[in-house]
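Coordinates from upload.cif are shown below (mmCIF, C-alpha atoms).
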data_coords
loop_
_atom_site.group_PDB
_atom_site.id
_atom_site.type_symbol
_atom_site.label_atom_id
_atom_site.label_comp_id
_atom_site.auth_asym_id
_atom_site.auth_seq_id
_atom_site.Cartn_x
_atom_site.Cartn_y
_atom_site.Cartn_z
ATOM 1 C CA MET A 1 12.134 -10.521 12.185
ATOM 2 C CA GLY A 2 9.599 -7.800 11.419
ATOM 3 C CA GLN A 3 7.040 -9.239 13.828
ATOM 4 C CA GLU A 4 7.860 -7.171 16.898
ATOM 5 C CA ARG A 5 5.230 -4.774 18.154
ATOM 6 C CA LEU A 6 5.939 -1.170 18.988
ATOM 7 C CA ALA A 7 6.330 -0.777 22.731
ATOM 8 C CA GLY A 8 3.105 0.495 24.214
ATOM 9 C CA SER A 9 1.234 0.881 20.943
ATOM 10 C CA GLY A 10 0.283 -2.734 20.282
ATOM 11 C CA GLU A 11 0.460 -2.095 16.530
ATOM 12 C CA ASP A 12 2.571 -4.324 14.333
ATOM 13 C CA PRO A 13 5.318 -2.081 12.896
ATOM 14 C CA ARG A 14 4.684 -3.540 9.429
ATOM 15 C CA VAL A 15 1.072 -2.388 9.622
ATOM 16 C CA ALA A 16 2.197 1.052 10.808
ATOM 17 C CA GLU A 17 4.636 1.289 7.889
ATOM 18 C CA LEU A 18 1.933 0.248 5.427
ATOM 19 C CA ARG A 19 -0.538 2.776 6.824
ATOM 20 C CA THR A 20 2.059 5.549 6.579
ATOM 21 C CA ALA A 21 3.032 4.671 2.993
ATOM 22 C CA VAL A 22 -0.587 4.346 1.834
ATOM 23 C CA SER A 23 -1.545 7.621 3.496
ATOM 24 C CA ARG A 24 1.349 9.419 1.840
ATOM 25 C CA LEU A 25 0.505 8.061 -1.624
ATOM 26 C CA ARG A 26 -3.174 8.926 -1.164
ATOM 27 C CA ARG A 27 -2.208 12.526 -0.356
ATOM 28 C CA GLU A 28 0.144 12.690 -3.345
ATOM 29 C CA LEU A 29 -2.539 11.291 -5.641
ATOM 30 C CA ALA A 30 -5.141 13.720 -4.315
ATOM 31 C CA GLY A 31 -2.765 16.613 -4.949
ATOM 32 C CA HIS A 32 -1.715 15.447 -8.399
ATOM 33 C CA PRO A 33 -3.117 18.016 -10.835
ATOM 34 C CA VAL A 34 -3.402 15.817 -13.910
ATOM 35 C CA GLU A 35 -6.351 13.509 -14.451
ATOM 36 C CA PHE A 36 -5.662 10.087 -15.924
ATOM 37 C CA PRO A 37 -8.070 7.329 -16.977
ATOM 38 C CA ASP A 38 -7.631 4.915 -14.059
ATOM 39 C CA ARG A 39 -7.288 7.434 -11.243
ATOM 40 C CA GLY A 40 -10.518 6.177 -9.629
ATOM 41 C CA ILE A 41 -9.171 2.630 -9.545
ATOM 42 C CA ALA A 42 -5.997 3.809 -7.815
ATOM 43 C CA GLU A 43 -8.013 5.806 -5.275
ATOM 44 C CA ASP A 44 -10.332 2.848 -4.568
ATOM 45 C CA GLU A 45 -7.496 0.374 -4.101
ATOM 46 C CA LEU A 46 -5.544 2.755 -1.867
ATOM 47 C CA ALA A 47 -8.691 3.112 0.249
ATOM 48 C CA ALA A 48 -8.939 -0.692 0.381
ATOM 49 C CA LEU A 49 -5.283 -0.964 1.428
ATOM 50 C CA ASP A 50 -5.881 1.610 4.145
ATOM 51 C CA ALA A 51 -8.927 -0.293 5.402
ATOM 52 C CA MET A 52 -6.997 -3.579 5.452
ATOM 53 C CA ALA A 53 -4.165 -1.983 7.409
ATOM 54 C CA ALA A 54 -6.585 -0.318 9.830
ATOM 55 C CA GLY A 55 -8.148 -3.717 10.453
ATOM 56 C CA GLY A 56 -4.934 -5.162 11.855
ATOM 57 C CA MET A 57 -3.267 -8.065 10.099
ATOM 58 C CA PRO A 58 -4.057 -7.787 6.359
ATOM 59 C CA GLU A 59 -4.177 -10.767 4.011
ATOM 60 C CA ILE A 60 -0.959 -10.917 2.022
ATOM 61 C CA PRO A 61 -2.505 -12.091 -1.289
ATOM 62 C CA ARG A 62 -5.031 -9.252 -1.106
ATOM 63 C CA LEU A 63 -2.269 -6.726 -0.361
ATOM 64 C CA ARG A 64 -0.339 -7.861 -3.408
ATOM 65 C CA ARG A 65 -3.435 -7.781 -5.625
ATOM 66 C CA SER A 66 -4.189 -4.220 -4.541
ATOM 67 C CA LEU A 67 -0.583 -3.212 -5.173
ATOM 68 C CA LEU A 68 -0.786 -4.556 -8.725
ATOM 69 C CA LEU A 69 -4.032 -2.699 -9.353
ATOM 70 C CA VAL A 70 -2.625 0.566 -7.998
ATOM 71 C CA ALA A 71 0.571 0.168 -10.015
ATOM 72 C CA GLY A 72 -1.411 -0.559 -13.168
ATOM 73 C CA ALA A 73 -3.778 2.341 -12.560
ATOM 74 C CA ILE A 74 -1.046 4.863 -11.854
ATOM 75 C CA GLY A 75 0.883 3.576 -14.838
ATOM 76 C CA SER A 76 3.584 5.919 -15.957
ATOM 77 C CA VAL A 77 2.769 8.890 -13.712
ATOM 78 C CA SER A 78 6.378 9.416 -12.729
ATOM 79 C CA ALA A 79 5.537 11.982 -10.057
ATOM 80 C CA LEU A 80 3.786 9.217 -8.068
ATOM 81 C CA ALA A 81 6.526 6.599 -8.508
ATOM 82 C CA PRO A 82 8.340 7.301 -5.205
ATOM 83 C CA GLY A 83 5.116 6.976 -3.211
ATOM 84 C CA LEU A 84 4.178 3.795 -5.045
ATOM 85 C CA ARG A 85 7.638 2.396 -4.296
ATOM 86 C CA GLU A 86 7.120 3.088 -0.569
ATOM 87 C CA VAL A 87 3.818 1.184 -0.638
ATOM 88 C CA ARG A 88 5.485 -1.744 -2.410
ATOM 89 C CA ILE A 89 8.297 -1.841 0.155
ATOM 90 C CA ALA A 90 5.777 -1.712 3.010
ATOM 91 C CA ILE A 91 3.834 -4.631 1.512
ATOM 92 C CA GLU A 92 7.032 -6.622 1.058
ATOM 93 C CA LEU A 93 7.607 -6.394 4.832
ATOM 94 C CA PHE A 94 4.790 -8.939 5.218
ATOM 95 C CA GLY A 95 6.773 -11.558 3.295
ATOM 96 C CA GLU A 96 5.462 -14.192 0.980
ATOM 97 C CA PRO A 97 1.959 -15.615 1.344
ATOM 98 C CA PRO A 98 1.894 -19.211 2.644
ATOM 99 C CA ARG A 99 1.920 -21.811 -0.095
ATOM 100 C CA SER A 100 -0.934 -24.283 -0.215
#
Here is a file; write its structure as structure tokens.
Amino acid sequence: MGQERLAGSGEDPRVAELRTAVSRLRRELAGHPVEFPDRGIAEDELAALDAMAAGGMPEIPRLRRSLLLVAGAIGSVSALAPGLREVRIAIELFGEPPRS
């Protein structure tokens, strides 16, 4: 489940979903009029998430780490909560990282 590729595109649908969610949150953050202390951290980690998704199959532990950093950086900016939720859901599509 969740591992099928889009017909003709060759892109894993989970990666496509992640790229869409990250892109949307990046746009929302860029358009958010209020500055907050950790905005730069959120922007950097969203850029890292985008780069991981663009590279194909991202590392699940790194995805989750970036999600935590973005969530912590955005904090209580309620206007960005829906976009952050979409990113979290997209990351959850990758499942749990393998246990060592």
Original post:
Which residues, written as a PyMOL selection string, have at least one atom at most 12 Å from Ala48 of chain A, with only C-alpha atoms counted and residues fewer than 3 positions away on the same chain left out?
Top reply: chain A and resi 19+22-23+26+41-45+51-55+58-59+62-67+69-70
Subject >> d(atom CA of Gly72 of chain A, atom CA of Gly56 of chain A) in Å >> reply: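 According to the coordinates, atom CA of Gly72 of chain A and atom CA of Gly56 of chain A are separated by 25.7 Å.
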Would you place a box with edges along x, y and z of the file around all atoms of segment 73-79 of chain A listed there, add 5 Å to each of its six sides, and report the centre and edge lengths in Å to one decimal, as lines of an AutoDock Vina configuration file?
center_x = 1.3
center_y = 7.2
center_z = -13.0
size_x = 20.2
size_y = 19.6
size_z = 15.9
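Atom pair atom CA of Gly10 of chain A / atom CA of Leu84 of chain A has a distance of 26.4 Å (rounded to one decimal).
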Subject >> Straight-line distance linking atom CA of Pro61 of chain A with atom CA of Gly31 of chain A, stated in Å to one decimal >> reply: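 Between these atoms lies a distance of 28.9 Å.
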Original post:
Which one is closest to Gly83 of chain A: A:Asp50, A:Glu28, A:Glu96, A:Glu35? Count all atoms listed in the file.
Top reply: A:Glu28
**OP:** Would you write out, as a ChimeraX atom specification, every residue that the PyMOL selection byres ((chain A and resi 77) around 12) captures in this file?
**Re:** /A:28-29,32-39,42,70-76,78-84
